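Asks: Data: final-v2.pdb, PDB, C-alpha atoms and all ligand atoms.
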```pdb
ATOM      1  CA  MET A   1      -1.057   6.116 -17.750
ATOM      2  CA  ASP A   2       0.597   3.529 -15.561
ATOM      3  CA  ALA A   3       3.335   1.306 -16.973
ATOM      4  CA  GLU A   4       1.186  -1.850 -16.932
ATOM      5  CA  ARG A   5      -1.503  -0.158 -18.982
ATOM      6  CA  VAL A   6       1.067   1.126 -21.496
ATOM      7  CA  GLU A   7       2.526  -2.370 -21.868
ATOM      8  CA  TRP A   8      -0.949  -3.888 -22.233
ATOM      9  CA  PHE A   9      -1.930  -1.290 -24.831
ATOM     10  CA  TYR A  10       1.095  -1.817 -27.090
ATOM     11  CA  GLY A  11       0.870  -5.587 -26.613
ATOM     12  CA  THR A  12      -2.781  -5.657 -27.651
ATOM     13  CA  PHE A  13      -2.481  -3.271 -30.603
ATOM     14  CA  SER A  14       1.015  -4.201 -31.818
ATOM     15  CA  ARG A  15      -0.337  -5.371 -35.176
ATOM     16  CA  LEU A  16      -1.868  -1.924 -35.819
ATOM     17  CA  HIS A  17       1.287  -0.038 -34.849
ATOM     18  CA  ASP A  18       2.893   0.031 -38.283
ATOM     19  CA  LEU A  19      -0.346   1.209 -39.906
ATOM     20  CA  VAL A  20      -0.418   4.266 -37.631
ATOM     21  CA  TYR A  21       3.327   4.985 -37.367
ATOM     22  CA  GLY A  22       4.540   3.524 -40.682
ATOM     23  CA  PRO A  23       4.373   5.275 -44.106
ATOM     24  CA  LEU A  24       3.006   8.556 -42.730
ATOM     25  CA  PHE A  25       6.162   9.065 -40.660
ATOM     26  CA  HIS A  26       8.688   7.375 -42.924
ATOM     27  CA  GLN A  27      10.428  10.507 -44.228
ATOM     28  CA  SER A  28      10.629  12.211 -40.817
ATOM     29  CA  ARG A  29      11.805   9.015 -39.144
ATOM     30  CA  ARG A  30      14.635   8.684 -41.681
ATOM     31  CA  TYR A  31      15.614  12.315 -41.032
ATOM     32  CA  ALA A  32      15.505  11.812 -37.236
ATOM     33  CA  VAL A  33      17.871   8.834 -37.375
ATOM     34  CA  LYS A  34      20.149  10.705 -39.800
ATOM     35  CA  VAL A  35      20.639  13.665 -37.419
ATOM     36  CA  LEU A  36      21.982  11.239 -34.826
ATOM     37  CA  LYS A  37      25.024  10.980 -37.165
ATOM     38  CA  ALA A  38      25.927   7.541 -35.841
ATOM     39  CA  GLY A  39      29.573   6.917 -36.697
ATOM     40  CA  GLU A  40      31.469   3.753 -37.556
ATOM     41  CA  GLY A  41      31.904   1.430 -34.587
ATOM     42  CA  GLU A  42      29.622   3.456 -32.311
ATOM     43  CA  THR A  43      27.146   1.836 -29.958
ATOM     44  CA  ILE A  44      23.631   3.263 -30.244
ATOM     45  CA  LEU A  45      20.589   2.695 -28.019
ATOM     46  CA  ASP A  46      17.139   2.744 -29.648
ATOM     47  CA  VAL A  47      14.984   3.069 -26.551
ATOM     48  CA  GLY A  48      11.353   1.929 -26.900
ATOM     49  CA  VAL A  49      12.299   0.264 -30.183
ATOM     50  CA  GLY A  50       8.733  -1.006 -30.755
ATOM     51  CA  THR A  51       8.371  -2.974 -34.006
ATOM     52  CA  GLY A  52      11.767  -1.695 -35.151
ATOM     53  CA  LEU A  53      10.649   0.857 -37.758
ATOM     54  CA  ASN A  54      13.801   2.925 -37.109
ATOM     55  CA  LEU A  55      16.254   0.043 -37.310
ATOM     56  CA  PRO A  56      16.783  -0.112 -41.113
ATOM     57  CA  HIS A  57      17.816   3.577 -41.083
ATOM     58  CA  PHE A  58      20.856   3.160 -38.800
ATOM     59  CA  PRO A  59      24.205   2.768 -40.592
ATOM     60  CA  LYS A  60      25.235  -0.890 -40.789
ATOM     61  CA  ASN A  61      28.694  -0.122 -39.393
ATOM     62  CA  CYS A  62      27.418   0.777 -35.917
ATOM     63  CA  GLN A  63      26.082  -1.505 -33.200
ATOM     64  CA  VAL A  64      22.448  -0.871 -32.274
ATOM     65  CA  ILE A  65      20.774  -2.132 -29.091
ATOM     66  CA  GLY A  66      16.977  -1.849 -29.164
ATOM     67  CA  ILE A  67      15.007  -2.162 -25.934
ATOM     68  CA  ASP A  68      11.283  -2.353 -25.246
ATOM     69  CA  PHE A  69       9.257  -3.809 -22.378
ATOM     70  CA  CYS A  70       6.468  -5.096 -24.590
ATOM     71  CA  GLU A  71       7.056  -8.634 -25.866
ATOM     72  CA  PRO A  72       4.632  -8.568 -28.868
ATOM     73  CA  MET A  73       6.295  -5.361 -30.141
ATOM     74  CA  LEU A  74       9.737  -6.972 -29.775
ATOM     75  CA  ALA A  75       8.528 -10.100 -31.612
ATOM     76  CA  ARG A  76       7.643  -7.894 -34.594
ATOM     77  CA  ALA A  77      10.996  -6.136 -34.370
ATOM     78  CA  LYS A  78      12.723  -9.555 -34.410
ATOM     79  CA  ASN A  79      10.836 -10.464 -37.611
ATOM     80  CA  ARG A  80      11.978  -7.214 -39.166
ATOM     81  CA  LEU A  81      15.593  -7.992 -38.270
ATOM     82  CA  SER A  82      15.510 -11.323 -40.087
ATOM     83  CA  ARG A  83      13.515  -9.962 -43.072
ATOM     84  CA  ARG A  84      15.930  -7.052 -43.513
ATOM     85  CA  ARG A  85      19.051  -9.048 -42.504
ATOM     86  CA  LEU A  86      20.033  -6.480 -39.897
ATOM     87  CA  THR A  87      22.927  -8.256 -38.217
ATOM     88  CA  ASN A  88      24.162  -5.148 -36.367
ATOM     89  CA  VAL A  89      21.100  -4.991 -34.083
ATOM     90  CA  THR A  90      20.458  -6.691 -30.724
ATOM     91  CA  LEU A  91      17.001  -6.598 -29.128
ATOM     92  CA  LEU A  92      16.400  -6.832 -25.394
ATOM     93  CA  ARG A  93      13.321  -6.783 -23.225
ATOM     94  CA  MET A  94      13.875  -3.990 -20.722
ATOM     95  CA  ASP A  95      12.001  -1.212 -18.957
ATOM     96  CA  ALA A  96      13.232   2.239 -20.063
ATOM     97  CA  MET A  97      12.572   3.502 -16.526
ATOM     98  CA  GLN A  98      15.040   1.026 -15.004
ATOM     99  CA  MET A  99      17.652   0.123 -17.566
ATOM    100  CA  THR A 100      20.178  -2.498 -16.542
ATOM    101  CA  PHE A 101      23.046  -0.964 -18.565
ATOM    102  CA  PRO A 102      25.967   0.563 -16.652
ATOM    103  CA  ASP A 103      26.472   4.345 -16.729
ATOM    104  CA  ASN A 104      28.042   5.781 -19.912
ATOM    105  CA  THR A 105      27.405   2.692 -22.092
ATOM    106  CA  PHE A 106      26.219   4.349 -25.333
ATOM    107  CA  ASP A 107      27.737   6.836 -27.753
ATOM    108  CA  ALA A 108      24.247   8.039 -28.687
ATOM    109  CA  VAL A 109      20.595   7.395 -27.808
ATOM    110  CA  PHE A 110      17.554   7.547 -30.081
ATOM    111  CA  ALA A 111      14.028   7.814 -28.640
ATOM    112  CA  GLY A 112      11.335   7.652 -31.335
ATOM    113  CA  MET A 113       7.712   8.264 -30.288
ATOM    114  CA  LEU A 114       8.626   7.135 -26.793
ATOM    115  CA  ILE A 115       8.607   9.973 -24.341
ATOM    116  CA  THR A 116       4.862  10.686 -24.650
ATOM    117  CA  THR A 117       4.018   7.006 -24.151
ATOM    118  CA  VAL A 118       5.958   6.279 -20.955
ATOM    119  CA  SER A 119       4.312   6.536 -17.547
ATOM    120  CA  ASP A 120       7.184   8.643 -16.103
ATOM    121  CA  PRO A 121       8.941  10.786 -18.779
ATOM    122  CA  ASP A 122      11.230  12.437 -16.204
ATOM    123  CA  ARG A 123      12.598   9.102 -15.054
ATOM    124  CA  VAL A 124      13.111   7.849 -18.607
ATOM    125  CA  ILE A 125      15.040  10.984 -19.635
ATOM    126  CA  SER A 126      17.220  10.643 -16.517
ATOM    127  CA  GLU A 127      17.929   7.018 -17.416
ATOM    128  CA  ILE A 128      18.765   7.975 -21.026
ATOM    129  CA  ILE A 129      21.220  10.605 -19.744
ATOM    130  CA  ARG A 130      22.755   8.090 -17.347
ATOM    131  CA  VAL A 131      23.429   5.368 -19.938
ATOM    132  CA  CYS A 132      24.645   7.840 -22.606
ATOM    133  CA  LYS A 133      28.293   8.910 -22.494
ATOM    134  CA  PRO A 134      29.100  12.523 -21.559
ATOM    135  CA  GLY A 135      29.095  14.554 -24.781
ATOM    136  CA  GLY A 136      26.951  11.888 -26.521
ATOM    137  CA  LYS A 137      24.027  12.775 -28.747
ATOM    138  CA  ILE A 138      20.411  12.188 -27.731
ATOM    139  CA  VAL A 139      17.676  12.524 -30.351
ATOM    140  CA  MET A 140      13.965  12.533 -29.586
ATOM    141  CA  PHE A 141      11.456  12.180 -32.416
ATOM    142  CA  ASN A 142       8.093  12.960 -30.915
ATOM    143  CA  HIS A 143       4.951  15.005 -30.755
ATOM    144  CA  PHE A 144       5.093  17.674 -28.047
ATOM    145  CA  GLN A 145       2.597  20.308 -26.969
ATOM    146  CA  ASN A 146       2.259  22.834 -29.795
ATOM    147  CA  GLY A 147       3.286  26.492 -29.404
ATOM    148  CA  ASN A 148       0.112  27.577 -31.214
ATOM    149  CA  LYS A 149      -2.669  28.288 -28.656
ATOM    150  CA  PHE A 150      -5.458  26.980 -30.894
ATOM    151  CA  ILE A 151      -3.671  23.681 -31.567
ATOM    152  CA  SER A 152      -2.563  23.251 -27.944
ATOM    153  CA  THR A 153      -6.170  23.754 -26.750
ATOM    154  CA  PHE A 154      -7.223  20.977 -29.103
ATOM    155  CA  GLU A 155      -4.380  18.794 -27.766
ATOM    156  CA  LYS A 156      -5.537  19.405 -24.170
ATOM    157  CA  VAL A 157      -9.124  18.481 -25.058
ATOM    158  CA  PHE A 158      -7.900  15.366 -26.861
ATOM    159  CA  SER A 159      -5.535  14.440 -24.015
ATOM    160  CA  PRO A 160      -7.869  12.081 -22.036
ATOM    161  CA  ILE A 161      -8.656  10.120 -25.235
ATOM    162  CA  GLY A 162      -4.965  10.166 -26.253
ATOM    163  CA  LYS A 163      -4.007   8.669 -22.901
ATOM    164  CA  ARG A 164      -6.497   5.863 -23.478
ATOM    165  CA  LEU A 165      -4.839   5.331 -26.859
ATOM    166  CA  GLY A 166      -1.389   4.955 -25.300
ATOM    167  CA  PHE A 167       0.133   8.429 -25.558
ATOM    168  CA  CYS A 168      -0.011  11.893 -24.033
ATOM    169  CA  PRO A 169      -0.658  14.510 -26.768
ATOM    170  CA  ASP A 170      -0.011  17.601 -24.619
ATOM    171  CA  LEU A 171       3.355  16.821 -23.047
ATOM    172  CA  GLU A 172       5.515  19.964 -22.946
ATOM    173  CA  LEU A 173       9.070  19.715 -24.236
ATOM    174  CA  GLY A 174      10.118  22.436 -21.747
ATOM    175  CA  GLY A 175       8.893  20.322 -18.831
ATOM    176  CA  VAL A 176      10.627  17.222 -20.160
ATOM    177  CA  LEU A 177      14.004  18.982 -20.387
ATOM    178  CA  GLU A 178      13.738  21.126 -17.282
ATOM    179  CA  GLY A 179      16.781  20.803 -15.045
ATOM    180  CA  LYS A 180      18.380  18.185 -17.246
ATOM    181  CA  PRO A 181      22.040  18.507 -18.326
ATOM    182  CA  LEU A 182      21.020  18.591 -21.993
ATOM    183  CA  MET A 183      21.948  21.238 -24.519
ATOM    184  CA  VAL A 184      19.435  21.393 -27.356
ATOM    185  CA  THR A 185      21.355  21.915 -30.599
ATOM    186  CA  GLU A 186      18.420  21.601 -33.004
ATOM    187  CA  LYS A 187      14.662  21.502 -32.786
ATOM    188  CA  LYS A 188      12.960  20.891 -36.108
ATOM    189  CA  SER A 189       9.263  20.534 -36.867
ATOM    190  CA  VAL A 190       8.634  17.631 -39.212
ATOM    191  CA  LYS A 191       5.816  15.920 -41.108
ATOM    192  CA  PRO A 192       3.042  15.024 -40.861
ATOM    193  CA  LEU A 193       1.708  18.590 -40.771
ATOM    194  CA  ASN A 194       4.849  19.809 -38.981
ATOM    195  CA  LEU A 195       3.193  18.694 -35.737
ATOM    196  CA  TRP A 196       6.044  16.362 -34.779
ATOM    197  CA  LYS A 197       9.512  17.401 -33.669
ATOM    198  CA  VAL A 198      13.018  16.105 -33.975
ATOM    199  CA  VAL A 199      14.921  17.397 -30.942
ATOM    200  CA  THR A 200      18.692  16.935 -30.956
ATOM    201  CA  CYS A 201      20.586  17.302 -27.668
ATOM    202  CA  ILE A 202      24.112  16.911 -26.379
ATOM    203  CA  ASN A 203      24.508  15.138 -23.055
ATOM    204  CA  GLU A 204      26.229  17.669 -20.831
ATOM    205  CA  LYS A 205      26.466  15.635 -17.649
ATOM    206  CA  ASP A 206      29.948  15.794 -16.153
ATOM    207  CA  VAL A 207      32.666  13.378 -17.265
ATOM    208  CA  ASN A 208      32.217  11.209 -14.187
ATOM    209  CA  GLY A 209      28.687  10.530 -15.331
ATOM    210  CA  ARG A 210      27.112  12.570 -12.543
ATOM    211  CA  GLY A 211      24.209  14.928 -13.093
ATOM    212  CA  ASN A 212      21.643  12.818 -14.901
ATOM    213  CA  GLY A 213      18.865  15.148 -13.875
ATOM    214  CA  ASN A 214      18.068  13.484 -10.569
ATOM    215  CA  GLY A 215      18.801  16.324  -8.241
ATOM    216  CA  ASN A 216      21.753  17.878 -10.099
ATOM    217  CA  ARG A 217      19.754  20.498 -11.935
ATOM    218  CA  ASN A 218      21.574  23.107 -13.962
ATOM    219  CA  GLY A 219      18.663  24.216 -16.129
ATOM    220  CA  ARG A 220      20.776  24.445 -19.285
ATOM    221  CA  GLY A 221      18.362  22.316 -21.270
ATOM    222  CA  ASN A 222      15.738  24.973 -20.900
ATOM    223  CA  ALA A 223      18.045  27.916 -21.417
ATOM    224  CA  ALA A 224      19.395  26.521 -24.644
ATOM    225  CA  ALA A 225      16.101  25.390 -26.068
ATOM    226  CA  GLY A 226      14.342  28.730 -26.638
ATOM    227  CA  PHE A 227      10.861  27.310 -26.167
ATOM    228  CA  GLU A 228       7.862  28.575 -27.999
TER     229      GLU A 228
HETATM  230  C1  LIG B   1       4.573   4.495 -30.173
HETATM  231  S1  LIG B   1       5.654   3.128 -29.957
HETATM  232  C2  LIG B   1       7.091   3.703 -30.825
HETATM  233  C3  LIG B   1       7.962   2.576 -31.297
HETATM  234  C4  LIG B   1       9.207   2.998 -32.083
HETATM  235  N1  LIG B   1      10.159   3.706 -31.252
HETATM  236  C5  LIG B   1       8.868   3.821 -33.281
HETATM  237  O1  LIG B   1       9.416   4.918 -33.427
HETATM  238  O2  LIG B   1       8.083   3.356 -34.102
HETATM  239  C6  LIG B   1       6.144   3.307 -28.239
HETATM  240  C7  LIG B   1       6.933   2.099 -27.741
HETATM  241  O3  LIG B   1       7.478   2.423 -26.463
HETATM  242  C8  LIG B   1       7.393   1.255 -25.654
HETATM  243  N2  LIG B   1       7.440   1.654 -24.239
HETATM  244  C9  LIG B   1       6.588   2.461 -23.546
HETATM  245  N3  LIG B   1       6.972   2.568 -22.265
HETATM  246  C10 LIG B   1       8.112   1.831 -22.138
HETATM  247  C11 LIG B   1       8.975   1.545 -21.061
HETATM  248  N4  LIG B   1       8.765   2.040 -19.817
HETATM  249  N5  LIG B   1      10.029   0.723 -21.273
HETATM  250  C12 LIG B   1      10.274   0.212 -22.504
HETATM  251  N6  LIG B   1       9.479   0.436 -23.581
HETATM  252  C13 LIG B   1       8.410   1.241 -23.400
HETATM  253  C14 LIG B   1       6.062   0.626 -26.047
HETATM  254  O4  LIG B   1       6.021  -0.740 -25.677
HETATM  255  C15 LIG B   1       6.087   0.851 -27.555
HETATM  256  O5  LIG B   1       6.698  -0.241 -28.220
END
```
Hey, can you dump this file as structure tokens for me?
Replies:
Amino acid sequence: MDAERVEWFYGTFSRLHDLVYGPLFHQSRRYAVKVLKAGEGETILDVGVGTGLNLPHFPKNCQVIGIDFCEPMLARAKNRLSRRRLTNVTLLRMDAMQMTFPDNTFDAVFAGMLITTVSDPDRVISEIIRVCKPGGKIVMFNHFQNGNKFISTFEKVFSPIGKRLGFCPDLELGGVLEGKPLMVTEKKSVKPLNLWKVVTCINEKDVNGRGNGNGNRNGRGNAAAGFE
């Protein structure tokens, strides 16, 4: 999937987004935001914010910046902000593959249903690591390739259709984290059907902000994750 196609897809089907990703994922989404443990006064990035389904779950005493490159999705998120009176949230149009934030801007980063939709997951993870402070928390709430052979075969078969529908159903978590300075502290399967995962990581790049996964590979993400 190239970036233009992804943007077109979410722009065209933005009004259907909340039907697909709304009530069915509500409980797991709330859990995923909770494990971020955003503290008072912290600055949080919600990357690929979409229509803003995660935004009401963040504590009101932290500052949330939501970015997305798709204008119709952001327009829906803006409506949600005014409906829910979420004054602690700022929305920006930005490409997750080339964020304009300086290094070490955010205390924590949340990526909900993003990493399987982007055209270059490796680049997005590297950018997330770059803009997150050393020691900051990074939470991904996503579907990844299943450890069960039967299910993963189905995911592979479904993959070409999935890609047409704006996501990659057989992306491997191990591949996403490989060589990245991320320590996985929790990996929990969540509803629906325990096919989705909430993956909590600590950003272990060095204090000078170096080692965002572009060339400085230490492999700890993989070692700590214990992949199925
Ligand atoms: C499946 S939606 C998830 C939205 C939201 N995070 C949620 O949990 O409901 C994926 C979102 O990622 C956005 N997206 C995909 N690639 C992106 C990129 N390179 N830069 C910014 N946003 C991107 C899409 O526009 C879409 O809004």
Asks: Dump the neighbourhood of ligand LIG 1 (chain B) as a list of chain:residue names: all residues within 7 Å, distances computed on all atoms listed in the file.
Replies: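 Going residue by residue within 7 Å of ligand LIG 1 (chain B), we get A:Ala3, A:Val6, A:Glu7, A:Tyr10, A:Tyr21, A:Val47, A:Gly48, A:Val49, A:Gly50, A:Thr51, A:Gly52, A:Leu53, A:Asn54, A:Ile67, A:Asp68, A:Phe69, A:Cys70, A:Met73, A:Met94, A:Asp95, A:Ala96, A:Met97, A:Ala111, A:Gly112, A:Met113, A:Leu114, A:Thr117, A:Val118, A:Ser119.
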Asks: Convert the output of the PyMOL selection byres (((chain A and resi 31-33) around 8) and not hetatm) on the shown file into explicit residues, formatted as a PyMOL selection string.
Replies: chain A and resi 27-30+34-37+54+57-58+110+139-141+198
Asks: CA of Lys188 (chain A) and CA of Thr153 (chain A), how far apart in Å?
Replies: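 These atoms are spaced 21.5 Å apart.
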Asks: Any chance you could work out the residue set of the PyMOL selection byres (((chain A and resi 130-138) around 8) and not hetatm) here, as number ranges by chain?
Replies: A: 36, 101-111, 126-129, 139-140, 200-207, 209-210, 212
Asks: Rounded to one decimal place, report the CA of Asp2 (chain A)-CA of Ser159 (chain A) distance in Å.
Replies: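 If I compute the distance from CA of Asp2 (chain A) to CA of Ser159 (chain A), I get 15.1 Å.
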Asks: One decimal, Å: what's the distance from CA of Asn61 (chain A) over to CA of Leu74 (chain A), could you say?
Replies: 22.3 Å
Asks: Would you mind telling me which residue in A:Asn148, A:Asn194, A:Thr116, A:Asn79 lies nearest to Met1 (chain A) when using all atoms listed in the file?
Replies: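 Closest residue, counting all atoms listed in the file: A:Thr116.
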Asks: Which is closest to Phe9 (chain A) among A:Lys60, A:Lys187, A:Lys163, A:Lys180, if we use only C-alpha atoms?
Replies: A:Lys163
Asks: Run the PyMOL selection byres (((chain A and resi 88) around 10) and not hetatm) mentally over the shown coordinates, then write out the matched residues as a PyMOL selection string, using the chain letters and numbers from the document.
Replies: chain A and resi 43+55+58-65+81+85-87+89-90
Asks: Measuring atom to atom with all atoms listed in the file, identify which of A:Lys197, A:Arg93, A:Gln98, A:Glu172 is nearest to His143 (chain A).
Replies: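 Selected residue with least distance to His143 (chain A): A:Lys197.
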Asks: Give, as JSON, the centre coordinates and the x, y and z edge lengths in Å to one decimal for an axis-aligned box around all listed atoms of region 105-124 of chain A, padded by 5 Å on each side.
Replies:
```
{"center_x": 15.9, "center_y": 7.6, "center_z": -23.2, "size_x": 33.7, "size_y": 19.7, "size_z": 26.3}
```
Asks: I need the residue nearest Arg84 (chain A) from this list: A:Pro56, A:Val176, A:Ser14, A:Glu186. Use only C-alpha atoms for the distance.
Replies: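 Ranking A:Pro56, A:Val176, A:Ser14, A:Glu186 by distance to Arg84 (chain A), first place goes to A:Pro56.
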